[in-house]
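Peer 1: Provided herewith: protein-v4.csv, CSV, C-alpha atoms.
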chain,number,residue,atom,x,y,z
H,1,MET,CA,86.3,94.0,111.9
H,2,GLN,CA,87.6,90.7,110.5
H,3,ASN,CA,90.2,92.5,108.4
H,4,VAL,CA,92.2,95.7,109.2
H,5,PRO,CA,90.6,98.6,107.4
H,6,LYS,CA,92.8,100.3,104.8
H,7,SER,CA,92.6,103.6,106.8
H,8,LEU,CA,94.5,101.8,109.6
H,9,ARG,CA,97.2,100.3,107.3
H,10,LEU,CA,100.6,101.8,106.4
H,11,GLN,CA,100.1,103.3,103.0
H,12,ILE,CA,103.1,102.6,100.6
H,13,GLY,CA,102.9,104.4,97.3
H,14,LEU,CA,104.9,103.0,94.3
H,15,PHE,CA,105.9,105.7,91.9
H,16,GLY,CA,108.1,105.9,88.8
H,17,ARG,CA,108.2,106.3,85.0
H,18,THR,CA,106.3,103.8,82.8
H,19,ASN,CA,107.9,100.4,82.5
H,20,VAL,CA,110.5,100.8,85.3
H,21,GLY,CA,109.0,97.7,86.9
H,22,LYS,CA,106.6,99.1,89.6
H,23,SER,CA,104.2,96.2,89.1
H,24,SER,CA,106.9,93.6,89.0
H,25,PHE,CA,108.3,95.0,92.2
H,26,LEU,CA,104.9,94.7,93.8
H,27,ASN,CA,104.5,91.1,92.6
H,28,MET,CA,107.9,90.3,94.1
H,29,ILE,CA,107.0,91.7,97.5
H,30,CYS,CA,103.6,89.9,97.5
H,31,GLY,CA,105.1,86.6,96.2
H,32,GLN,CA,102.4,86.3,93.6
H,33,ASP,CA,101.4,87.7,90.2
H,34,PHE,CA,99.0,90.3,91.7
H,35,ALA,CA,99.6,93.2,89.3
H,36,ILE,CA,99.6,92.7,85.5
H,37,THR,CA,103.1,93.2,84.0
H,38,SER,CA,104.1,93.7,80.4
H,39,PRO,CA,107.0,95.2,78.5
H,40,VAL,CA,104.5,97.5,76.9
H,41,PRO,CA,104.7,101.0,78.6
H,42,GLY,CA,101.6,102.1,80.5
H,43,THR,CA,100.3,98.6,81.4
H,44,THR,CA,99.2,99.9,84.8
H,45,THR,CA,96.4,102.3,83.8
H,46,ASP,CA,94.9,103.0,87.2
H,47,VAL,CA,95.9,102.8,90.9
H,48,VAL,CA,96.2,99.2,91.9
H,49,GLU,CA,95.8,98.5,95.7
H,50,LYS,CA,97.1,95.5,97.4
H,51,THR,CA,96.6,94.9,101.2
H,52,MET,CA,98.9,92.5,103.0
H,53,GLU,CA,100.8,91.8,106.2
H,54,LEU,CA,104.4,92.9,105.8
H,55,LEU,CA,106.0,91.5,108.9
H,56,PRO,CA,107.4,92.8,111.2
H,57,VAL,CA,106.0,96.1,110.0
H,58,GLY,CA,102.3,95.0,110.2
H,59,PRO,CA,99.3,95.6,108.0
H,60,VAL,CA,100.1,97.7,104.9
H,61,VAL,CA,98.5,98.6,101.6
H,62,PHE,CA,100.6,99.1,98.5
H,63,LEU,CA,99.4,101.7,96.0
H,64,ASP,CA,100.8,100.9,92.5
H,65,THR,CA,100.4,104.0,90.3
H,66,ALA,CA,100.5,104.7,86.6
H,67,GLY,CA,103.8,106.0,85.2
H,68,VAL,CA,104.5,109.6,86.0
H,69,ASP,CA,105.6,110.1,82.4
H,70,ASP,CA,102.4,108.7,80.9
H,71,ILE,CA,101.6,110.3,77.5
H,72,SER,CA,98.6,108.2,76.5
H,73,GLN,CA,95.2,109.6,75.6
H,74,LEU,CA,94.0,109.1,79.2
H,75,SER,CA,97.2,110.3,80.8
H,76,ASP,CA,95.7,113.4,82.4
H,77,LEU,CA,93.1,111.3,84.2
H,78,ARG,CA,95.7,108.7,85.3
H,79,LEU,CA,98.1,111.3,86.5
H,80,LYS,CA,95.4,113.0,88.5
H,81,LYS,CA,94.8,109.7,90.4
H,82,THR,CA,98.5,109.3,90.9
H,83,ASN,CA,98.7,112.9,92.4
H,84,LYS,CA,96.0,111.9,94.9
H,85,ILE,CA,98.3,109.1,96.0
H,86,PHE,CA,101.0,111.7,96.8
H,87,ASP,CA,98.5,113.0,99.4
H,88,ARG,CA,97.7,109.6,100.8
H,89,ALA,CA,101.0,107.7,101.0
H,90,ASP,CA,102.9,107.4,104.3
H,91,ILE,CA,106.0,106.3,102.4
H,92,PHE,CA,107.0,107.0,98.8
H,93,VAL,CA,108.8,104.1,96.9
H,94,LEU,CA,110.4,105.7,93.9
H,95,ILE,CA,111.4,102.9,91.4
H,96,ILE,CA,114.0,103.8,88.8
H,97,GLU,CA,116.2,102.1,86.2
H,98,PRO,CA,120.0,102.0,86.5
H,99,ASN,CA,121.8,105.1,85.3
H,100,VAL,CA,118.6,107.0,84.5
H,101,TRP,CA,117.5,110.1,86.4
H,102,THR,CA,115.1,112.6,84.9
H,103,ASN,CA,112.9,115.5,85.7
H,104,PHE,CA,110.1,113.0,86.5
H,105,GLU,CA,112.1,111.5,89.4
H,106,GLU,CA,113.0,115.0,90.5
H,107,ASP,CA,109.3,115.8,90.6
H,108,VAL,CA,108.4,112.8,92.8
H,109,LEU,CA,111.1,113.8,95.3
H,110,ALA,CA,109.7,117.4,95.2
H,111,GLN,CA,106.2,116.1,95.9
H,112,ALA,CA,107.6,114.1,98.9
H,113,LYS,CA,109.6,117.0,100.2
H,114,ARG,CA,106.5,119.2,100.0
H,115,ARG,CA,104.5,116.8,102.1
H,116,LYS,CA,107.5,115.8,104.4
H,117,THR,CA,106.9,112.2,103.3
H,118,PRO,CA,109.9,109.7,103.6
H,119,VAL,CA,111.2,108.1,100.4
H,120,ILE,CA,112.8,104.8,99.4
H,121,VAL,CA,114.6,104.7,96.1
H,122,VAL,CA,114.6,101.3,94.4
H,123,ILE,CA,117.1,100.9,91.6
H,124,ASN,CA,115.4,98.1,89.7
H,125,LYS,CA,116.3,95.9,86.7
H,126,ILE,CA,120.0,95.5,87.8
H,127,ASP,CA,119.9,92.1,86.1
H,128,ARG,CA,119.7,94.0,82.7
H,129,LYS,CA,122.1,96.8,83.4
H,130,LYS,CA,124.6,97.4,86.3
H,131,PRO,CA,124.3,100.8,87.8
H,132,SER,CA,127.6,102.7,87.8
H,133,ASP,CA,129.3,103.8,91.0
H,134,VAL,CA,128.9,107.4,90.0
H,135,PHE,CA,125.1,106.9,89.5
H,136,ILE,CA,124.7,105.2,92.9
H,137,LYS,CA,126.7,108.0,94.6
H,138,LYS,CA,124.5,110.6,92.8
H,139,ILE,CA,121.4,108.8,94.1
H,140,LYS,CA,122.7,108.8,97.7
H,141,THR,CA,123.2,112.6,97.5
H,142,TYR,CA,119.4,112.8,96.9
H,143,ILE,CA,118.3,110.2,99.4
H,144,SER,CA,120.1,107.9,101.8
H,145,THR,CA,117.5,105.2,101.9
H,146,ALA,CA,118.1,103.5,98.5
H,147,MET,CA,118.4,99.8,97.5
H,148,LEU,CA,119.4,97.7,94.5
H,149,CYS,CA,116.9,95.2,93.1
H,150,SER,CA,116.0,92.9,90.3
H,151,SER,CA,112.2,92.2,90.7
H,152,LEU,CA,112.5,89.1,88.5
H,153,ASP,CA,115.3,87.5,90.3
H,154,LYS,CA,113.6,84.7,92.3
H,155,ILE,CA,116.8,83.5,93.9
H,156,LYS,CA,117.6,86.8,95.6
H,157,ARG,CA,113.9,87.7,96.3
H,158,ASP,CA,114.1,87.1,100.1
H,159,GLU,CA,117.3,89.1,100.2
H,160,TYR,CA,115.7,92.1,98.5
H,161,ILE,CA,112.5,91.9,100.6
H,162,THR,CA,114.6,91.9,103.8
H,163,VAL,CA,116.4,95.0,102.8
H,164,PHE,CA,113.1,96.7,101.8
H,165,LYS,CA,111.5,95.8,105.1
H,166,GLU,CA,114.4,97.2,107.0
H,167,LEU,CA,114.1,100.5,105.1
H,168,VAL,CA,110.3,100.6,105.7
H,169,MET,CA,110.8,100.1,109.4
H,170,GLN,CA,113.5,102.8,109.4
H,171,LEU,CA,111.1,105.3,107.8
H,172,CYS,CA,107.8,104.1,109.2
H,173,PRO,CA,106.0,107.1,110.7
H,174,GLU,CA,106.0,107.2,114.5
H,175,GLU,CA,102.2,107.5,114.7
H,176,PHE,CA,101.8,104.2,112.8
H,177,LEU,CA,104.1,102.3,115.2
H,178,ASN,CA,102.8,104.0,118.3
H,179,LEU,CA,99.2,105.1,117.5
H,180,PRO,CA,97.9,107.9,119.7
H,181,PRO,CA,94.9,107.0,121.9
H,182,ILE,CA,91.4,107.8,120.8
H,183,LEU,CA,89.9,108.3,124.2
H,184,GLY,CA,92.2,106.4,126.6
H,185,ASP,CA,94.0,109.5,127.8
H,186,LEU,CA,90.7,111.2,128.7
H,187,ILE,CA,89.7,108.7,131.3
H,188,PRO,CA,91.3,107.5,134.6
H,189,ALA,CA,92.8,104.0,135.0
H,190,LYS,CA,90.0,101.4,135.4
H,191,GLY,CA,87.6,104.0,134.3
H,192,CYS,CA,84.2,103.6,132.6
H,193,VAL,CA,83.1,105.0,129.2
H,194,VAL,CA,79.5,105.0,127.9
H,195,LEU,CA,79.1,105.0,124.1
H,196,ILE,CA,75.7,106.1,122.8
H,197,VAL,CA,75.3,104.4,119.5
H,198,PRO,CA,72.3,105.0,117.3
H,199,ILE,CA,71.7,102.2,114.9
H,200,ASP,CA,73.2,103.5,111.6
H,201,TYR,CA,71.3,102.1,108.7
H,202,GLU,CA,74.2,102.9,106.3
H,203,ALA,CA,76.3,100.4,108.2
H,204,PRO,CA,76.2,96.8,107.0
H,205,LYS,CA,73.5,94.7,108.8
H,206,GLY,CA,74.6,93.2,112.1
H,207,ARG,CA,77.5,95.7,112.6
H,208,ILE,CA,78.3,99.1,114.1
H,209,ILE,CA,80.4,101.6,112.3
H,210,LEU,CA,84.2,101.7,112.4
H,211,PRO,CA,84.7,104.7,114.8
H,212,GLN,CA,82.5,103.1,117.4
H,213,VAL,CA,84.4,99.8,117.1
H,214,GLN,CA,87.7,101.6,117.5
H,215,CYS,CA,86.5,103.4,120.6
H,216,VAL,CA,85.5,100.1,122.2
H,217,ARG,CA,88.9,98.7,121.5
H,218,ASP,CA,90.7,101.8,122.7
H,219,ALA,CA,88.9,101.7,126.0
H,220,LEU,CA,89.7,98.0,126.5
H,221,ASP,CA,93.4,98.7,125.5
H,222,HIS,CA,93.4,101.2,128.4
H,223,ASN,CA,92.0,98.7,130.8
H,224,SER,CA,88.7,100.5,131.2
H,225,ALA,CA,85.1,99.3,131.1
H,226,CYS,CA,83.1,100.2,128.0
H,227,VAL,CA,79.3,100.2,127.8
H,228,VAL,CA,77.4,100.6,124.6
H,229,VAL,CA,73.8,101.8,124.7
H,230,LYS,CA,71.2,103.2,122.2
H,231,GLU,CA,70.2,106.9,122.7
H,232,SER,CA,66.7,105.8,123.6
H,233,GLU,CA,68.0,103.8,126.5
H,234,TYR,CA,70.7,106.2,127.8
H,235,SER,CA,68.7,108.1,130.4
H,236,LEU,CA,67.4,104.9,132.0
H,237,PHE,CA,70.8,103.3,131.9
H,238,LEU,CA,72.3,106.3,133.8
H,239,GLU,CA,69.6,106.0,136.5
H,240,ASN,CA,70.6,102.3,137.1
H,241,LEU,CA,74.4,103.1,137.4
H,242,LYS,CA,75.8,103.0,140.9
H,243,LYS,CA,78.7,105.2,139.9
H,244,LYS,CA,78.7,108.0,137.3
H,245,PRO,CA,80.8,107.2,134.1
H,246,ASP,CA,84.1,109.0,133.5
H,247,LEU,CA,83.2,109.9,129.9
H,248,VAL,CA,80.2,109.7,127.6
H,249,VAL,CA,80.6,109.7,123.8
H,250,CYS,CA,77.7,109.9,121.4
H,251,ASP,CA,77.0,110.1,117.7
H,252,SER,CA,76.9,113.8,116.7
H,253,GLN,CA,73.3,113.5,115.5
H,254,VAL,CA,72.1,113.1,119.1
H,255,VAL,CA,74.5,115.4,120.8
H,256,ASP,CA,71.8,117.8,122.1
H,257,LYS,CA,69.9,114.9,123.6
H,258,MET,CA,73.1,113.5,125.2
H,259,VAL,CA,74.1,116.9,126.7
H,260,LYS,CA,70.6,117.4,128.1
H,261,GLU,CA,70.6,114.0,129.8
H,262,THR,CA,74.2,113.9,131.0
H,263,PRO,CA,75.0,115.2,134.5
H,264,LYS,CA,77.0,118.4,134.5
H,265,ASN,CA,79.8,116.9,136.4
H,266,VAL,CA,80.3,114.1,133.7
H,267,LYS,CA,82.4,115.0,130.7
H,268,CYS,CA,81.0,114.2,127.3
H,269,THR,CA,81.9,114.5,123.7
H,270,THR,CA,81.2,112.9,120.3
H,271,PHE,CA,82.8,110.2,118.1
H,272,SER,CA,83.4,112.8,115.4
H,273,ILE,CA,85.2,115.2,117.7
H,274,LEU,CA,87.4,112.3,119.0
H,275,PHE,CA,88.3,111.5,115.5
H,276,SER,CA,89.0,115.1,114.7
H,277,ARG,CA,91.8,114.8,117.2
H,278,TYR,CA,92.8,111.3,116.3
H,279,LYS,CA,93.0,111.7,112.6
H,280,GLY,CA,93.7,115.4,112.2
H,281,ASP,CA,94.0,118.6,114.3
H,282,LEU,CA,91.1,119.3,116.7
H,283,LEU,CA,92.2,122.8,117.6
H,284,GLU,CA,92.3,123.9,114.0
H,285,GLN,CA,88.9,122.4,113.3
H,286,VAL,CA,87.5,124.1,116.4
H,287,LYS,CA,88.9,127.4,115.1
H,288,GLY,CA,87.4,126.6,111.7
H,289,ALA,CA,84.0,126.2,113.2
H,290,LEU,CA,83.9,129.9,114.1
H,291,ALA,CA,83.3,130.5,110.3
H,292,ILE,CA,79.9,128.8,110.6
H,293,LYS,CA,78.8,131.7,112.9
H,294,LYS,CA,79.7,134.2,110.2
H,295,LEU,CA,77.9,132.5,107.3
H,296,LYS,CA,75.2,134.4,105.4
H,297,PRO,CA,72.5,133.3,103.0
H,298,GLY,CA,74.0,132.7,99.6
H,299,ASP,CA,77.5,131.7,100.9
H,300,LYS,CA,79.1,128.6,99.4
H,301,VAL,CA,79.9,125.6,101.7
H,302,LEU,CA,81.7,122.3,101.0
H,303,ILE,CA,80.7,119.2,102.8
H,304,ALA,CA,83.5,116.6,102.5
H,305,GLU,CA,83.1,112.9,103.2
H,306,ALA,CA,86.1,110.5,103.2
H,307,CYS,CA,84.0,107.4,102.3
H,308,ASN,CA,81.8,106.5,99.3
H,309,HIS,CA,78.3,105.3,100.2
H,310,HIS,CA,74.8,105.4,98.8
H,311,ALA,CA,73.0,108.2,100.5
H,312,ILE,CA,69.8,107.2,102.2
H,313,GLU,CA,66.9,109.2,103.7
H,314,GLY,CA,68.3,111.2,106.7
H,315,ASP,CA,72.0,111.0,105.5
H,316,ILE,CA,74.1,113.0,107.8
H,317,GLY,CA,76.3,114.7,105.2
H,318,ARG,CA,73.9,115.1,102.3
H,319,ILE,CA,70.6,115.8,104.2
H,320,LYS,CA,70.9,116.6,107.9
H,321,ILE,CA,73.9,119.0,108.0
H,322,PRO,CA,72.6,121.0,105.0
H,323,LEU,CA,69.2,121.4,106.7
H,324,TRP,CA,70.8,122.4,110.0
H,325,LEU,CA,73.1,124.9,108.3
H,326,LYS,CA,70.2,126.6,106.4
H,327,LYS,CA,68.2,126.8,109.6
H,328,TYR,CA,71.2,128.2,111.6
H,329,VAL,CA,72.0,130.8,108.9
H,330,GLY,CA,68.3,131.6,108.3
H,331,GLY,CA,68.4,131.2,104.5
H,332,GLU,CA,69.6,129.2,101.5
H,333,LEU,CA,73.3,128.3,101.1
H,334,LYS,CA,75.1,127.0,98.1
H,335,ILE,CA,76.2,123.6,99.3
H,336,ASP,CA,78.5,121.2,97.4
H,337,THR,CA,79.5,117.7,98.6
H,338,CYS,CA,82.4,115.5,97.7
H,339,ALA,CA,83.0,111.9,98.7
H,340,GLY,CA,85.9,109.5,98.9
H,341,ARG,CA,89.2,110.8,97.5
H,342,ASN,CA,87.5,113.3,95.1
H,343,TYR,CA,88.7,116.2,97.1
H,344,PRO,CA,88.2,119.4,95.0
H,345,GLU,CA,91.0,121.7,94.0
H,346,ASN,CA,88.8,124.9,94.0
H,347,LEU,CA,88.7,125.2,97.8
H,348,LYS,CA,89.0,129.0,97.6
H,349,GLU,CA,85.4,129.2,96.4
H,350,TYR,CA,84.1,128.1,99.8
H,351,LYS,CA,83.5,130.1,103.0
H,352,VAL,CA,84.0,127.0,105.1
H,353,ILE,CA,84.7,123.3,104.6
H,354,ILE,CA,82.9,120.8,106.9
H,355,HIS,CA,84.7,117.5,106.9
H,356,CYS,CA,83.6,114.1,108.3
H,357,GLY,CA,85.5,112.3,111.0
H,358,ALA,CA,87.9,110.8,108.4
H,359,CYS,CA,87.7,107.3,109.8
H,360,MET,CA,88.2,105.9,106.2
H,361,ILE,CA,91.4,107.8,105.3
H,362,THR,CA,94.7,108.0,107.0
H,363,ARG,CA,95.9,110.6,109.4
H,364,ARG,CA,98.5,111.8,106.9
H,365,GLU,CA,95.8,112.3,104.2
H,366,MET,CA,93.5,114.2,106.6
H,367,LEU,CA,96.4,116.4,107.8
H,368,TRP,CA,97.2,117.2,104.1
H,369,ARG,CA,93.6,118.2,103.6
H,370,LEU,CA,93.8,120.5,106.5
H,371,TYR,CA,97.0,121.9,105.1
H,372,GLU,CA,95.5,122.5,101.7
H,373,ALA,CA,92.6,124.4,103.3
H,374,GLU,CA,94.9,126.5,105.4
H,375,ASN,CA,97.2,127.2,102.4
H,376,LYS,CA,94.1,128.5,100.5
H,377,GLU,CA,93.0,130.4,103.6
H,378,VAL,CA,89.7,128.5,103.9
H,379,PRO,CA,88.4,127.6,107.4
H,380,ILE,CA,87.9,123.8,107.8
H,381,THR,CA,86.0,122.1,110.6
H,382,ASN,CA,84.5,118.7,111.3
H,383,TYR,CA,81.0,117.2,111.4
H,384,GLY,CA,80.9,116.8,115.2
H,385,VAL,CA,82.4,120.3,115.8
H,386,ALA,CA,80.0,121.9,113.3
H,387,ILE,CA,76.9,120.2,114.6
H,388,SER,CA,77.8,121.1,118.2
H,389,VAL,CA,78.1,124.7,117.1
H,390,MET,CA,74.7,124.7,115.5
H,391,LYS,CA,73.1,122.9,118.5
H,392,GLY,CA,74.8,125.4,120.9
H,393,VAL,CA,76.7,122.8,122.9
H,394,LEU,CA,80.3,123.0,121.6
H,395,GLU,CA,81.7,124.3,124.9
H,396,ARG,CA,80.1,121.4,126.7
H,397,VAL,CA,81.5,118.7,124.4
H,398,LEU,CA,85.0,120.3,124.5
H,399,GLU,CA,85.2,119.9,128.3
H,400,PRO,CA,87.4,116.7,128.0
H,401,PHE,CA,90.0,118.8,126.1
H,402,ASP,CA,90.9,121.6,128.6
H,403,ASP,CA,93.5,123.4,126.5
H,404,ILE,CA,91.3,123.5,123.3
H,405,LEU,CA,88.3,124.6,125.3
H,406,LYS,CA,90.3,127.6,126.7
H,407,VAL,CA,91.4,128.6,123.2
H,408,TYR,CA,87.9,128.4,121.9
H,409,GLN,CA,86.5,130.5,124.8
H,410,SER,CA,89.2,133.1,124.3
H,411,LEU,CA,88.4,133.3,120.6
H,412,GLU,CA,84.7,133.6,121.4
H,413,ARG,CA,85.3,136.6,123.6
H,414,LYS,CA,87.1,138.5,120.9
Would you mind writing the structure in this file as structure tokens?

Peer 2:
Amino acid sequence: MQNVPKSLRLQIGLFGRTNVGKSSFLNMICGQDFAITSPVPGTTTDVVEKTMELLPVGPVVFLDTAGVDDISQLSDLRLKKTNKIFDRADIFVLIIEPNVWTNFEEDVLAQAKRRKTPVIVVINKIDRKKPSDVFIKKIKTYISTAMLCSSLDKIKRDEYITVFKELVMQLCPEEFLNLPPILGDLIPAKGCVVLIVPIDYEAPKGRIILPQVQCVRDALDHNSACVVVKESEYSLFLENLKKKPDLVVCDSQVVDKMVKETPKNVKCTTFSILFSRYKGDLLEQVKGALAIKKLKPGDKVLIAEACNHHAIEGDIGRIKIPLWLKKYVGGELKIDTCAGRNYPENLKEYKVIIHCGACMITRREMLWRLYEAENKEVPITNYGVAISVMKGVLERVLEPFDDILKVYQSLERK
């Protein structure tokens, strides 16, 4: 991990009508001509992403969107991509012109309110037209976090950036400034974690995949020892340990092997289940897994991946989970897959959604996907939870999460 992945960066969405200066504002913040600017409306035709260090905030990614009032031939496609950024952004930056407030601005605020996302209003182009006191007062009735700016004013650039950083720090989500632990709260001080890591051939050569790297770092951040071993060497490794580990974590694909070889007095779980809690809501996804037990041949299932990759032989989402599902149900299912940010709108068609660990999207975006499923009354679960259900080991891998295990057991008894 030479660079901070986008999924771990604060996501700042730039919204506004065409030609209000969104790209110019991004260039000012970056201190370079990163985004193409032009007086011609609609110059930004797709979402432009720029990663950078915005000190003292930290690693961020700016998401420069097409104008919300785009009326070009491709406007529908562009606005659909802009709408996906509404789901993804941790902070909305609504850029407007002096003395202009329309239904488009109202809609952006409504989108933010619906998602409970904080908003910064930037009144841009003040070098061309001075905003009236009445207009500024009106804006502050909508939102208290507003600033004046001229993106092309190089003399006052540092002043504007300082104000913007202060507003970002003020609105920065608590979970970004104080990230919850992945596994550190599940082990005692000076504990020992064993990570069972199959070699994932979809990961770049010479590396292990992101969730595994993050688990290593989280264990070290909690002053615990962390040992990484392949599934083929796990049993022998345990035999050579003088003291039993405090926690064992494995790739979901080998969960049945891990459970079989792990002593009953040692707690164990999977990477995917850890990330179900870290990036989303483990309890809700455990509840959602109960829908798998009710599936019947012919039912429709959605398998959702947060990343885009070329599927290979034995792909977990495209090959293995569908095969395990059909075997578990005892017949054919109608299985759709989606990848990246192409999350479908027709969720009501599905009996259950099985989502990946979401390591490549933000917690906010994953929580929104959970909300969308709940809003449409569709159960949603997670790769690790679903696989553990189908392998008959879910209770075992929920042992590190006492409260959630008790809820699951009570639901099972009903």

Peer 1: Select all residues near (80.7, 111.3, 127.9) (cut-off 10 Å, inclusive, file coordinates), counting all atoms listed in the file, and output them as a VMD selection string.

Peer 2: chain H and resid 187 192 to 196 245 to 250 258 to 259 262 to 263 266 to 270 397 399 to 400

Peer 1: Compute the distance from (110.4, 97.0, 108.8) to each atom, counting all atoms listed in the file, keep the residues with any atom at most 12 Å away, and return them as number ranges by chain; use the coordinates of the file.

Peer 2: H: 10, 53-60, 161-173, 176-177

Peer 1: Between atom CA of Ile292 of chain H and atom CA of Lys414 of chain H, measure the distance and give it in Å to one decimal.

Peer 2: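 The value is 15.9 Å.
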
Peer 1: Just checking: using all atoms listed in the file, which residue out of H:Val20, H:Val197, H:Ala291, H:Ile182 ends up closest to Asp221 of chain H?

Peer 2: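 Counting all atoms listed in the file, the residue closest to Asp221 of chain H is H:Ile182.
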
Peer 1: Please list as a list in words every residue within 12 Å of Arg157 of chain H, counting all atoms listed in the file and excluding residues in the same chain fewer than 4 positions away.

Peer 2: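 My reading of the contact set: Ser24, Phe25, Leu26, Asn27, Met28, Ile29, Cys30, Gly31, Gln32, Leu148, Cys149, Ser150, Ser151, Leu152, Asp153, Ile161, Thr162, Val163 and Phe164 of chain H.
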
Peer 1: Could you turn the residues from that selection into a file that holds C-alpha atoms, as a short mmCIF file (atom, residue, chain, number, x, y, z; two decimals), in the coordinates of the input?

Peer 2:
data_model
loop_
_atom_site.label_atom_id
_atom_site.label_comp_id
_atom_site.auth_asym_id
_atom_site.auth_seq_id
_atom_site.Cartn_x
_atom_site.Cartn_y
_atom_site.Cartn_z
CA SER H 24 106.90 93.60 89.00
CA PHE H 25 108.30 95.00 92.20
CA LEU H 26 104.90 94.70 93.80
CA ASN H 27 104.50 91.10 92.60
CA MET H 28 107.90 90.30 94.10
CA ILE H 29 107.00 91.70 97.50
CA CYS H 30 103.60 89.90 97.50
CA GLY H 31 105.10 86.60 96.20
CA GLN H 32 102.40 86.30 93.60
CA LEU H 148 119.40 97.70 94.50
CA CYS H 149 116.90 95.20 93.10
CA SER H 150 116.00 92.90 90.30
CA SER H 151 112.20 92.20 90.70
CA LEU H 152 112.50 89.10 88.50
CA ASP H 153 115.30 87.50 90.30
CA ILE H 161 112.50 91.90 100.60
CA THR H 162 114.60 91.90 103.80
CA VAL H 163 116.40 95.00 102.80
CA PHE H 164 113.10 96.70 101.80
#

Peer 1: Find the residue from H:Cys359, H:Leu236, H:Val286, H:Ala373 that sits nearest to Val213 of chain H; use only C-alpha atoms when measuring.

Peer 2: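 When distances to Val213 of chain H are compared using only C-alpha atoms, the smallest one comes from H:Cys359.
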
Peer 1: Can you measure atom CA of Tyr371 of chain H to atom CA of Gly298 of chain H for me? One decimal in Å is fine.

Peer 2: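 So the two atoms, atom CA of Tyr371 of chain H and atom CA of Gly298 of chain H, lie 26.0 Å apart.
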
Peer 1: So what do you get for atom CA of Lys242 of chain H versus atom CA of Phe401 of chain H, distance-wise?

Peer 2: 25.9 Å
